[in-house]
file target-v8.pdb (PDB, C-alpha atoms)
ATOM      1  CA  MET C   9      22.260 -10.466  15.507
ATOM      2  CA  VAL C  10      20.505 -10.367  12.161
ATOM      3  CA  GLU C  11      22.721 -10.030   9.106
ATOM      4  CA  TRP C  12      21.382  -7.757   6.407
ATOM      5  CA  THR C  13      22.758  -7.576   2.890
ATOM      6  CA  ASP C  14      23.151  -4.193   1.219
ATOM      7  CA  PHE C  15      20.258  -5.097  -1.046
ATOM      8  CA  GLU C  16      18.014  -5.899   1.917
ATOM      9  CA  ARG C  17      18.860  -2.657   3.712
ATOM     10  CA  ALA C  18      18.296  -0.616   0.569
ATOM     11  CA  THR C  19      15.025  -2.415  -0.184
ATOM     12  CA  ILE C  20      13.573  -1.787   3.264
ATOM     13  CA  GLN C  21      14.570   1.899   3.258
ATOM     14  CA  ASP C  22      13.214   2.249  -0.274
ATOM     15  CA  ILE C  23       9.857   0.607   0.398
ATOM     16  CA  PHE C  24       9.219   2.604   3.577
ATOM     17  CA  SER C  25      10.375   5.917   2.133
ATOM     18  CA  LYS C  26       7.766   5.586  -0.599
ATOM     19  CA  LEU C  27       4.980   4.293   1.636
ATOM     20  CA  GLU C  28       1.776   6.293   2.021
ATOM     21  CA  TYR C  29       1.272   5.495   5.693
ATOM     22  CA  GLU C  30      -2.306   6.793   5.821
ATOM     23  CA  VAL C  31      -3.272   4.545   2.915
ATOM     24  CA  VAL C  32      -1.287   1.382   3.525
ATOM     25  CA  GLY C  33      -1.700   1.222   7.304
ATOM     26  CA  PRO C  34      -5.506   1.351   7.257
ATOM     27  CA  LYS C  35      -5.686  -1.085   4.347
ATOM     28  CA  ALA C  36      -3.411  -3.600   6.053
ATOM     29  CA  LEU C  37      -5.296  -3.581   9.352
ATOM     30  CA  ALA C  38      -8.697  -3.683   7.629
ATOM     31  CA  ARG C  39      -7.586  -6.606   5.492
ATOM     32  CA  CYS C  40      -6.352  -8.447   8.583
ATOM     33  CA  LEU C  41      -9.698  -7.947  10.350
ATOM     34  CA  VAL C  42     -11.578  -9.225   7.272
ATOM     35  CA  VAL C  43      -9.336 -12.123   6.289
ATOM     36  CA  TYR C  44      -8.689 -13.300   9.871
ATOM     37  CA  PRO C  45     -11.872 -12.248  11.661
ATOM     38  CA  TRP C  46     -10.761 -13.625  15.025
ATOM     39  CA  THR C  47      -8.323 -10.728  15.208
ATOM     40  CA  GLN C  48     -11.357  -8.521  15.810
ATOM     41  CA  ARG C  49     -11.267  -9.746  19.401
ATOM     42  CA  TYR C  50      -8.756  -7.006  20.203
ATOM     43  CA  PHE C  51     -10.925  -4.209  18.882
ATOM     44  CA  GLY C  52     -14.167  -4.590  20.807
ATOM     45  CA  ASN C  53     -14.461  -0.843  21.316
ATOM     46  CA  PHE C  54     -13.937   0.060  17.661
ATOM     47  CA  GLY C  55     -17.650   0.129  16.882
ATOM     48  CA  ASN C  56     -19.005  -1.369  13.686
ATOM     49  CA  LEU C  57     -16.845  -4.242  12.401
ATOM     50  CA  TYR C  58     -19.862  -6.172  11.189
ATOM     51  CA  ASN C  59     -18.807  -6.707   7.587
ATOM     52  CA  ALA C  60     -15.957  -5.932   5.195
ATOM     53  CA  ALA C  61     -17.459  -2.622   4.095
ATOM     54  CA  ALA C  62     -17.933  -1.503   7.696
ATOM     55  CA  ILE C  63     -14.380  -2.486   8.584
ATOM     56  CA  THR C  64     -12.868  -0.755   5.557
ATOM     57  CA  GLY C  65     -14.827   2.415   6.292
ATOM     58  CA  ASN C  66     -14.238   2.437  10.041
ATOM     59  CA  PRO C  67     -12.275   5.559  11.071
ATOM     60  CA  MET C  68     -10.896   3.932  14.240
ATOM     61  CA  VAL C  69      -9.501   1.071  12.144
ATOM     62  CA  ALA C  70      -7.939   3.592   9.779
ATOM     63  CA  LYS C  71      -6.352   5.585  12.571
ATOM     64  CA  HIS C  72      -5.006   2.500  14.294
ATOM     65  CA  GLY C  73      -3.678   1.087  11.041
ATOM     66  CA  THR C  74      -1.648   4.240  10.539
ATOM     67  CA  THR C  75      -0.376   4.051  14.135
ATOM     68  CA  ILE C  76       0.739   0.444  13.698
ATOM     69  CA  LEU C  77       2.559   1.194  10.478
ATOM     70  CA  HIS C  78       4.411   4.087  12.065
ATOM     71  CA  GLY C  79       5.364   1.629  14.788
ATOM     72  CA  LEU C  80       7.505  -0.080  12.182
ATOM     73  CA  ASP C  81       9.534   3.099  11.675
ATOM     74  CA  ARG C  82      11.692   2.402  14.666
ATOM     75  CA  ALA C  83      12.703  -0.938  13.179
ATOM     76  CA  VAL C  84      13.429   0.706   9.830
ATOM     77  CA  LYS C  85      15.712   3.190  11.597
ATOM     78  CA  ASN C  86      17.373   0.552  13.815
ATOM     79  CA  MET C  87      17.742  -2.465  11.587
ATOM     80  CA  ASP C  88      20.823  -3.612  13.458
ATOM     81  CA  ASP C  89      19.043  -3.855  16.794
ATOM     82  CA  ILE C  90      15.390  -4.498  16.159
ATOM     83  CA  LYS C  91      15.328  -6.959  19.051
ATOM     84  CA  ASN C  92      16.034  -4.355  21.724
ATOM     85  CA  THR C  93      14.207  -1.583  19.905
ATOM     86  CA  TYR C  94      10.954  -3.447  20.513
ATOM     87  CA  THR C  95      11.443  -4.488  24.144
ATOM     88  CA  GLU C  96       8.915  -1.980  25.462
ATOM     89  CA  LEU C  97       6.382  -2.606  22.723
ATOM     90  CA  SER C  98       6.694  -6.331  23.311
ATOM     91  CA  VAL C  99       5.955  -5.894  27.008
ATOM     92  CA  LEU C 100       3.008  -3.657  26.111
ATOM     93  CA  HIS C 101       1.509  -6.215  23.716
ATOM     94  CA  SER C 102       1.975  -8.988  26.247
ATOM     95  CA  GLU C 103       1.143  -7.402  29.593
ATOM     96  CA  LYS C 104      -1.334  -4.728  28.694
ATOM     97  CA  LEU C 105      -2.883  -5.613  25.352
ATOM     98  CA  HIS C 106      -2.740  -9.408  25.785
ATOM     99  CA  VAL C 107      -2.331 -10.010  22.071
ATOM    100  CA  ASP C 108      -1.617 -13.584  20.997
ATOM    101  CA  PRO C 109       1.738 -13.230  19.215
ATOM    102  CA  ASP C 110       0.550 -15.535  16.400
ATOM    103  CA  ASN C 111      -1.518 -12.575  15.282
ATOM    104  CA  PHE C 112       1.586 -10.542  14.465
ATOM    105  CA  LYS C 113       2.334 -12.889  11.584
ATOM    106  CA  LEU C 114      -1.196 -12.548  10.245
ATOM    107  CA  LEU C 115      -0.914  -8.763  10.143
ATOM    108  CA  ALA C 116       2.553  -9.030   8.590
ATOM    109  CA  ASP C 117       1.134 -11.208   5.782
ATOM    110  CA  CYS C 118      -1.646  -8.697   5.137
ATOM    111  CA  LEU C 119       0.874  -5.850   5.072
ATOM    112  CA  THR C 120       2.947  -7.767   2.522
ATOM    113  CA  ILE C 121      -0.103  -8.182   0.329
ATOM    114  CA  VAL C 122      -1.118  -4.516   0.575
ATOM    115  CA  VAL C 123       2.418  -3.380  -0.279
ATOM    116  CA  ALA C 124       2.402  -5.862  -3.177
ATOM    117  CA  ALA C 125      -0.843  -4.353  -4.438
ATOM    118  CA  GLN C 126       0.610  -0.828  -4.172
ATOM    119  CA  MET C 127       3.843  -1.675  -5.945
ATOM    120  CA  GLY C 128       2.564  -4.134  -8.551
ATOM    121  CA  LYS C 129       5.236  -5.708 -10.706
ATOM    122  CA  ALA C 130       7.905  -3.585  -9.001
ATOM    123  CA  PHE C 131       7.475  -5.816  -5.954
ATOM    124  CA  THR C 132       9.832  -8.511  -7.209
ATOM    125  CA  GLY C 133      10.486 -11.846  -5.534
ATOM    126  CA  GLU C 134      13.770 -10.496  -4.155
ATOM    127  CA  MET C 135      12.030  -7.473  -2.655
ATOM    128  CA  GLN C 136       9.330  -9.709  -1.206
ATOM    129  CA  ALA C 137      12.042 -11.862   0.402
ATOM    130  CA  ALA C 138      13.697  -8.808   1.993
ATOM    131  CA  PHE C 139      10.382  -7.361   3.159
ATOM    132  CA  GLN C 140       9.194 -10.635   4.664
ATOM    133  CA  LYS C 141      12.561 -11.152   6.381
ATOM    134  CA  PHE C 142      12.302  -7.677   7.912
ATOM    135  CA  LEU C 143       8.748  -8.312   9.113
ATOM    136  CA  ALA C 144       9.738 -11.715  10.494
ATOM    137  CA  VAL C 145      12.428 -10.068  12.632
ATOM    138  CA  VAL C 146       9.915  -7.475  13.865
ATOM    139  CA  VAL C 147       7.380 -10.212  14.645
ATOM    140  CA  THR C 148       9.941 -12.246  16.593
ATOM    141  CA  SER C 149      11.061  -9.169  18.534
ATOM    142  CA  LEU C 150       7.506  -8.273  19.451
ATOM    143  CA  GLY C 151       6.968 -11.763  20.815
ATOM    144  CA  ARG C 152      10.199 -11.855  22.767
ATOM    145  CA  GLN C 153       9.056 -10.451  26.132
ATOM    146  CA  TYR C 154       6.078 -12.758  26.468
ATOM    147  CA  HIS C 155       6.230 -15.218  29.337
TER     148      HIS C 155
ATOM    149  CA  MET W  27     -10.247 -25.363   8.741
ATOM    150  CA  THR W  28     -12.744 -24.772   6.662
ATOM    151  CA  THR W  29     -15.981 -25.270   4.896
ATOM    152  CA  LEU W  30     -16.482 -23.037   1.920
ATOM    153  CA  SER W  31     -19.715 -21.096   2.096
ATOM    154  CA  VAL W  32     -21.848 -20.433  -0.965
ATOM    155  CA  LYS W  33     -20.484 -16.888  -0.889
ATOM    156  CA  ASP W  34     -16.898 -18.174  -0.806
ATOM    157  CA  LYS W  35     -17.495 -20.462  -3.777
ATOM    158  CA  ASP W  36     -19.238 -17.758  -5.804
ATOM    159  CA  THR W  37     -16.474 -15.267  -4.993
ATOM    160  CA  VAL W  38     -13.739 -17.702  -5.993
ATOM    161  CA  LYS W  39     -15.484 -18.674  -9.228
ATOM    162  CA  ALA W  40     -16.129 -15.041 -10.188
ATOM    163  CA  PHE W  41     -12.552 -13.990  -9.419
ATOM    164  CA  TRP W  42     -11.144 -17.005 -11.273
ATOM    165  CA  ALA W  43     -13.227 -16.125 -14.311
ATOM    166  CA  LYS W  44     -11.559 -12.703 -14.335
ATOM    167  CA  VAL W  45      -7.966 -13.891 -13.833
ATOM    168  CA  SER W  46      -7.764 -17.346 -15.408
ATOM    169  CA  GLY W  47      -6.751 -15.843 -18.747
ATOM    170  CA  ASN W  48      -3.481 -14.918 -17.012
ATOM    171  CA  ALA W  49      -3.095 -18.306 -15.321
ATOM    172  CA  ASP W  50       0.260 -19.077 -16.926
ATOM    173  CA  GLU W  51       1.777 -15.774 -15.845
ATOM    174  CA  ILE W  52       0.310 -16.063 -12.351
ATOM    175  CA  GLY W  53       1.684 -19.570 -11.956
ATOM    176  CA  ALA W  54       5.142 -18.704 -13.259
ATOM    177  CA  ASP W  55       5.433 -15.683 -10.969
ATOM    178  CA  ALA W  56       4.102 -17.581  -7.924
ATOM    179  CA  VAL W  57       6.532 -20.491  -8.340
ATOM    180  CA  ALA W  58       9.442 -18.137  -9.069
ATOM    181  CA  ARG W  59       8.633 -16.087  -5.996
ATOM    182  CA  MET W  60       8.369 -19.185  -3.837
ATOM    183  CA  LEU W  61      11.847 -20.338  -4.853
ATOM    184  CA  VAL W  62      13.320 -16.911  -4.062
ATOM    185  CA  VAL W  63      11.421 -16.035  -0.883
ATOM    186  CA  TYR W  64      11.469 -19.549   0.606
ATOM    187  CA  PRO W  65      14.757 -21.041  -0.606
ATOM    188  CA  GLN W  66      14.115 -24.299   1.237
ATOM    189  CA  THR W  67      11.478 -25.087  -1.421
ATOM    190  CA  LYS W  68      14.271 -25.410  -3.981
ATOM    191  CA  THR W  69      15.062 -28.791  -2.432
ATOM    192  CA  TYR W  70      12.144 -30.254  -4.374
ATOM    193  CA  PHE W  71      13.587 -29.122  -7.680
ATOM    194  CA  SER W  72      17.189 -30.249  -7.447
ATOM    195  CA  HIS W  73      16.609 -32.064 -10.739
ATOM    196  CA  TRP W  74      16.284 -28.721 -12.543
ATOM    197  CA  LYS W  75      19.575 -27.369 -13.832
ATOM    198  CA  ASP W  76      18.169 -23.867 -13.925
ATOM    199  CA  GLN W  77      16.106 -22.732 -10.929
ATOM    200  CA  SER W  78      16.163 -19.050 -11.819
ATOM    201  CA  PRO W  79      12.828 -17.199 -11.968
ATOM    202  CA  ASN W  80      12.585 -16.997 -15.744
ATOM    203  CA  SER W  81      13.830 -20.479 -16.526
ATOM    204  CA  PRO W  82      11.639 -22.642 -18.762
ATOM    205  CA  ALA W  83      11.326 -25.274 -16.018
ATOM    206  CA  VAL W  84       9.979 -22.751 -13.509
ATOM    207  CA  ARG W  85       7.542 -21.246 -15.993
ATOM    208  CA  LYS W  86       6.337 -24.673 -17.076
ATOM    209  CA  HIS W  87       5.814 -25.698 -13.487
ATOM    210  CA  GLY W  88       3.807 -22.555 -12.848
ATOM    211  CA  VAL W  89       1.500 -23.555 -15.697
ATOM    212  CA  THR W  90       1.110 -27.033 -14.220
ATOM    213  CA  VAL W  91       0.265 -25.689 -10.779
ATOM    214  CA  MET W  92      -2.337 -23.256 -12.089
ATOM    215  CA  LEU W  93      -3.951 -25.980 -14.188
ATOM    216  CA  GLY W  94      -4.398 -27.795 -10.909
ATOM    217  CA  VAL W  95      -5.898 -24.687  -9.308
ATOM    218  CA  GLY W  96      -8.283 -24.320 -12.242
ATOM    219  CA  GLU W  97      -9.297 -27.940 -11.858
ATOM    220  CA  ALA W  98      -9.944 -27.305  -8.183
ATOM    221  CA  VAL W  99     -12.173 -24.321  -9.002
ATOM    222  CA  ALA W 100     -14.185 -26.525 -11.361
ATOM    223  CA  LYS W 101     -14.522 -29.180  -8.651
ATOM    224  CA  ILE W 102     -15.070 -26.733  -5.831
ATOM    225  CA  ASP W 103     -18.152 -28.557  -4.578
ATOM    226  CA  ASP W 104     -16.200 -31.706  -3.742
ATOM    227  CA  LEU W 105     -12.499 -31.037  -3.578
ATOM    228  CA  LYS W 106     -11.673 -34.257  -1.730
ATOM    229  CA  ALA W 107     -13.117 -36.439  -4.497
ATOM    230  CA  GLY W 108     -12.153 -34.094  -7.302
ATOM    231  CA  LEU W 109      -8.485 -33.871  -6.324
ATOM    232  CA  ALA W 110      -8.053 -37.513  -5.246
ATOM    233  CA  SER W 111      -5.608 -38.447  -7.975
ATOM    234  CA  LEU W 112      -3.604 -35.239  -7.457
ATOM    235  CA  SER W 113      -3.487 -36.102  -3.784
ATOM    236  CA  GLU W 114      -2.084 -39.534  -4.582
ATOM    237  CA  LEU W 115       0.526 -37.927  -6.807
ATOM    238  CA  HIS W 116       1.648 -35.540  -4.067
ATOM    239  CA  ALA W 117       1.505 -38.206  -1.347
ATOM    240  CA  PHE W 118       3.216 -41.144  -2.981
ATOM    241  CA  THR W 119       5.304 -39.762  -5.796
ATOM    242  CA  LEU W 120       6.177 -36.143  -5.044
ATOM    243  CA  ARG W 121       6.026 -36.409  -1.244
ATOM    244  CA  VAL W 122       5.851 -32.665  -0.780
ATOM    245  CA  ASP W 123       5.673 -31.711   2.885
ATOM    246  CA  PRO W 124       2.198 -30.194   3.243
ATOM    247  CA  ALA W 125       3.648 -27.136   4.984
ATOM    248  CA  ASN W 126       4.761 -26.062   1.542
ATOM    249  CA  PHE W 127       1.176 -25.845   0.284
ATOM    250  CA  LYS W 128       0.714 -22.911   2.642
ATOM    251  CA  ILE W 129       3.870 -21.297   1.315
ATOM    252  CA  LEU W 130       2.837 -21.591  -2.329
ATOM    253  CA  SER W 131      -0.690 -20.400  -1.477
ATOM    254  CA  HIS W 132       0.768 -17.255   0.098
ATOM    255  CA  CYS W 133       2.849 -16.617  -3.019
ATOM    256  CA  ILE W 134      -0.222 -17.041  -5.232
ATOM    257  CA  LEU W 135      -2.046 -14.462  -3.100
ATOM    258  CA  VAL W 136       0.878 -12.004  -3.363
ATOM    259  CA  VAL W 137       0.887 -12.392  -7.158
ATOM    260  CA  MET W 138      -2.870 -11.785  -7.254
ATOM    261  CA  ALA W 139      -2.257  -8.576  -5.294
ATOM    262  CA  THR W 140       0.458  -7.364  -7.661
ATOM    263  CA  MET W 141      -1.483  -8.225 -10.825
ATOM    264  CA  PHE W 142      -5.044  -7.427  -9.773
ATOM    265  CA  PRO W 143      -4.807  -4.815  -7.002
ATOM    266  CA  ASN W 144      -8.343  -3.522  -7.557
ATOM    267  CA  GLU W 145     -10.078  -6.884  -7.894
ATOM    268  CA  PHE W 146      -8.185  -8.580  -5.044
ATOM    269  CA  THR W 147     -10.269  -6.922  -2.344
ATOM    270  CA  PRO W 148     -10.247  -8.125   1.291
ATOM    271  CA  GLU W 149     -13.441 -10.126   0.585
ATOM    272  CA  VAL W 150     -11.895 -11.861  -2.402
ATOM    273  CA  HIS W 151      -8.728 -12.399  -0.358
ATOM    274  CA  VAL W 152     -10.502 -14.200   2.480
ATOM    275  CA  SER W 153     -12.495 -16.467   0.138
ATOM    276  CA  LEU W 154      -9.442 -17.278  -1.974
ATOM    277  CA  ASP W 155      -7.342 -17.930   1.144
ATOM    278  CA  LYS W 156     -10.005 -20.330   2.450
ATOM    279  CA  PHE W 157     -10.236 -21.982  -0.963
ATOM    280  CA  LEU W 158      -6.477 -22.525  -1.255
ATOM    281  CA  ALA W 159      -6.443 -23.910   2.296
ATOM    282  CA  SER W 160      -9.203 -26.333   1.283
ATOM    283  CA  VAL W 161      -7.228 -27.348  -1.796
ATOM    284  CA  ALA W 162      -4.178 -27.952   0.383
ATOM    285  CA  LEU W 163      -6.271 -30.101   2.701
ATOM    286  CA  ALA W 164      -7.653 -32.123  -0.212
ATOM    287  CA  LEU W 165      -4.119 -32.589  -1.555
ATOM    288  CA  SER W 166      -3.010 -33.870   1.859
ATOM    289  CA  GLU W 167      -5.819 -36.442   2.057
ATOM    290  CA  LYS W 168      -3.849 -39.455   0.914
ATOM    291  CA  TYR W 169      -0.681 -38.715   2.856
ATOM    292  CA  ARG W 170      -1.468 -40.919   5.838
TER     293      ARG W 170
END
call {"tool": "encode", "arguments": {"input": "target-v8.pdb", "output": "structure tokens"}}
result
Amino acid sequence: MVEWTDFERATIQDIFSKLEYEVVGPKALARCLVVYPWTQRYFGNFGNLYNAAAITGNPMVAKHGTTILHGLDRAVKNMDDIKNTYTELSVLHSEKLHVDPDNFKLLADCLTIVVAAQMGKAFTGEMQAAFQKFLAVVVTSLGRQYH
Amino acid sequence: MTTLSVKDKDTVKAFWAKVSGNADEIGADAVARMLVVYPQTKTYFSHWKDQSPNSPAVRKHGVTVMLGVGEAVAKIDDLKAGLASLSELHAFTLRVDPANFKILSHCILVVMATMFPNEFTPEVHVSLDKFLASVALALSEKYR
């Protein structure tokens, strides 16, 4: 069971309560597809991903980015049992989507950077530590049902 | 990993030209963040009495690191040769586990995002990420 300090709990609730999902989600996914282009392998039917501008302007990327970010809501609401909260999603990513779980970390890093850009100096080292710890738990949970 | 394309090199040089005036601040914040977010990195600085983010030692070290990054930008066409003496330093004297280069690189990227949200576009991000990975590789050259 993951131990969360009061600061960590408060930080995660705070960051997500202020998040513009329709802005941050698309930006995070687009950044992932640009910075780690091999991740595009999972989005063959998304149309034009030919260059950074195409990716950033792609409406399917935007929509999916928002969906992914909302997928984190359940972890935000269930911080004391993220592991079991993501059992189904883990099975989905493994059995149906066949996503290499190493990719989860890549997206998590891009999300950290987009949130950092949104928050600027307010995104202190301590907040970054809490945010990355939260994402690391999510990433581990999503990889848990793979076999 | 990773050969830097002409586009990567141009992107890195252009971005560095914009941000290098803030090198000291970038370095200080990146090192401070690293010590907080990845506490295991503090093991390399047990000789510092004060490891807190705003301590003089941390700030000074940030300056040192960014001077190295600036040197790497200047020698971007041959990092292996250009960073040879820095590689020897890290290999024989400092003996920093190369996994930590990735950690510090990530912190530098986060700082770039907080300080230059509009300039640190996905294209700049990918070129800078590749560049820092190349620097890490050049620094690891002499290890074994």
call {"tool": "interface_residues", "arguments": {"input": "target-v8.pdb", "of": "chain W", "to": "chain C", "cutoff": "10 Å", "atoms": "all atoms listed in the file", "output": "VMD selection string"}}
result
chain W and resid 55 to 65 79 132 to 133 135 to 144 146 to 156
call {"tool": "resolve_selection", "arguments": {"input": "target-v8.pdb", "expression": "the PyMOL selection byres ((chain W and resi 104) around 12)", "output": "VMD selection string"}}
result
chain W and resid 29 to 30 35 97 to 103 105 to 110 157 160 to 161 163 to 164
call {"tool": "residues_around", "arguments": {"input": "target-v8.pdb", "residues": "C:Leu100", "least_positions_apart": "5", "cutoff": "12 Å", "atoms": "all atoms listed in the file", "output": "PyMOL selection string"}}
result
chain C and resi 94-95+105-107+109+150-154
call {"tool": "atom_distance", "arguments": {"input": "target-v8.pdb", "atom1": "atom CA of C:Ile76", "atom2": "atom CA of C:Val10"}}
result
22.6 Å
call {"tool": "atom_distance", "arguments": {"input": "target-v8.pdb", "atom1": "atom CA of C:Gly33", "atom2": "atom CA of W:Glu145"}}
result
19.2 Å
call {"tool": "resolve_selection", "arguments": {"input": "target-v8.pdb", "expression": "the PyMOL selection byres ((chain W and resi 83-90) around 8)", "output": "list in words"}}
result
Ala49, Asp50, Glu51, Ile52, Gly53, Ala54, Asp55, Ala56, Val57, Ala58, Trp74, Asp76, Gln77, Ser78, Pro79, Asn80, Ser81, Pro82, Val91, Met92, Leu93 and Gly94 of chain W
call {"tool": "write_last_selection", "arguments": {"input": "target-v8.pdb", "atoms": "C-alpha atoms", "output": "PDB file, in the coordinates of the input"}}
result
ATOM      1  CA  ALA W  49      -3.095 -18.306 -15.321  1.00  0.00           C
ATOM      2  CA  ASP W  50       0.260 -19.077 -16.926  1.00  0.00           C
ATOM      3  CA  GLU W  51       1.777 -15.774 -15.845  1.00  0.00           C
ATOM      4  CA  ILE W  52       0.310 -16.063 -12.351  1.00  0.00           C
ATOM      5  CA  GLY W  53       1.684 -19.570 -11.956  1.00  0.00           C
ATOM      6  CA  ALA W  54       5.142 -18.704 -13.259  1.00  0.00           C
ATOM      7  CA  ASP W  55       5.433 -15.683 -10.969  1.00  0.00           C
ATOM      8  CA  ALA W  56       4.102 -17.581  -7.924  1.00  0.00           C
ATOM      9  CA  VAL W  57       6.532 -20.491  -8.340  1.00  0.00           C
ATOM     10  CA  ALA W  58       9.442 -18.137  -9.069  1.00  0.00           C
ATOM     11  CA  TRP W  74      16.284 -28.721 -12.543  1.00  0.00           C
ATOM     12  CA  ASP W  76      18.169 -23.867 -13.925  1.00  0.00           C
ATOM     13  CA  GLN W  77      16.106 -22.732 -10.929  1.00  0.00           C
ATOM     14  CA  SER W  78      16.163 -19.050 -11.819  1.00  0.00           C
ATOM     15  CA  PRO W  79      12.828 -17.199 -11.968  1.00  0.00           C
ATOM     16  CA  ASN W  80      12.585 -16.997 -15.744  1.00  0.00           C
ATOM     17  CA  SER W  81      13.830 -20.479 -16.526  1.00  0.00           C
ATOM     18  CA  PRO W  82      11.639 -22.642 -18.762  1.00  0.00           C
ATOM     19  CA  VAL W  91       0.265 -25.689 -10.779  1.00  0.00           C
ATOM     20  CA  MET W  92      -2.337 -23.256 -12.089  1.00  0.00           C
ATOM     21  CA  LEU W  93      -3.951 -25.980 -14.188  1.00  0.00           C
ATOM     22  CA  GLY W  94      -4.398 -27.795 -10.909  1.00  0.00           C
TER      23      GLY W  94
END
call {"tool": "atom_distance", "arguments": {"input": "target-v8.pdb", "atom1": "atom CA of C:Asn111", "atom2": "atom CA of C:Thr148"}}
result
11.5 Å
call {"tool": "axis_aligned_box", "arguments": {"input": "target-v8.pdb", "around": "stretch 20-31 of chain C", "padding_each_side": "8 Å", "output": "JSON"}}
result
{"center_x": 5.6, "center_y": 2.5, "center_z": 2.6, "size_x": 33.8, "size_y": 24.6, "size_z": 22.4}
call {"tool": "closest_residue", "arguments": {"input": "target-v8.pdb", "among": "C:Ser102, C:Asp89, C:Val84, C:Ala70", "to": "C:Ser25", "atoms": "only C-alpha atoms"}}
result
C:Val84
call {"tool": "resolve_selection", "arguments": {"input": "target-v8.pdb", "expression": "the PyMOL selection byres ((chain W and resi 115-125) around 10)", "output": "number ranges by chain"}}
result
W: 67, 70, 109-114, 126-130, 162-163, 165-170
call {"tool": "closest_residue", "arguments": {"input": "target-v8.pdb", "among": "C:Val145, C:Leu27, C:Leu37, C:Ile20", "to": "C:Gly65", "atoms": "only C-alpha atoms"}}
result
C:Leu37
call {"tool": "closest_residue", "arguments": {"input": "target-v8.pdb", "among": "C:Ala18, C:Pro34, C:Glu28, C:Gly55", "to": "C:Thr75", "atoms": "only C-alpha atoms"}}
result
C:Pro34
call {"tool": "closest_residue", "arguments": {"input": "target-v8.pdb", "among": "C:Thr13, C:Ser149, C:Gln21, C:Thr47", "to": "C:Ser98", "atoms": "all atoms listed in the file"}}
result
C:Ser149
call {"tool": "closest_residue", "arguments": {"input": "target-v8.pdb", "among": "C:Asn53, C:Asn86, C:Thr74, C:Asn66", "to": "C:Val146", "atoms": "all atoms listed in the file"}}
result
C:Asn86
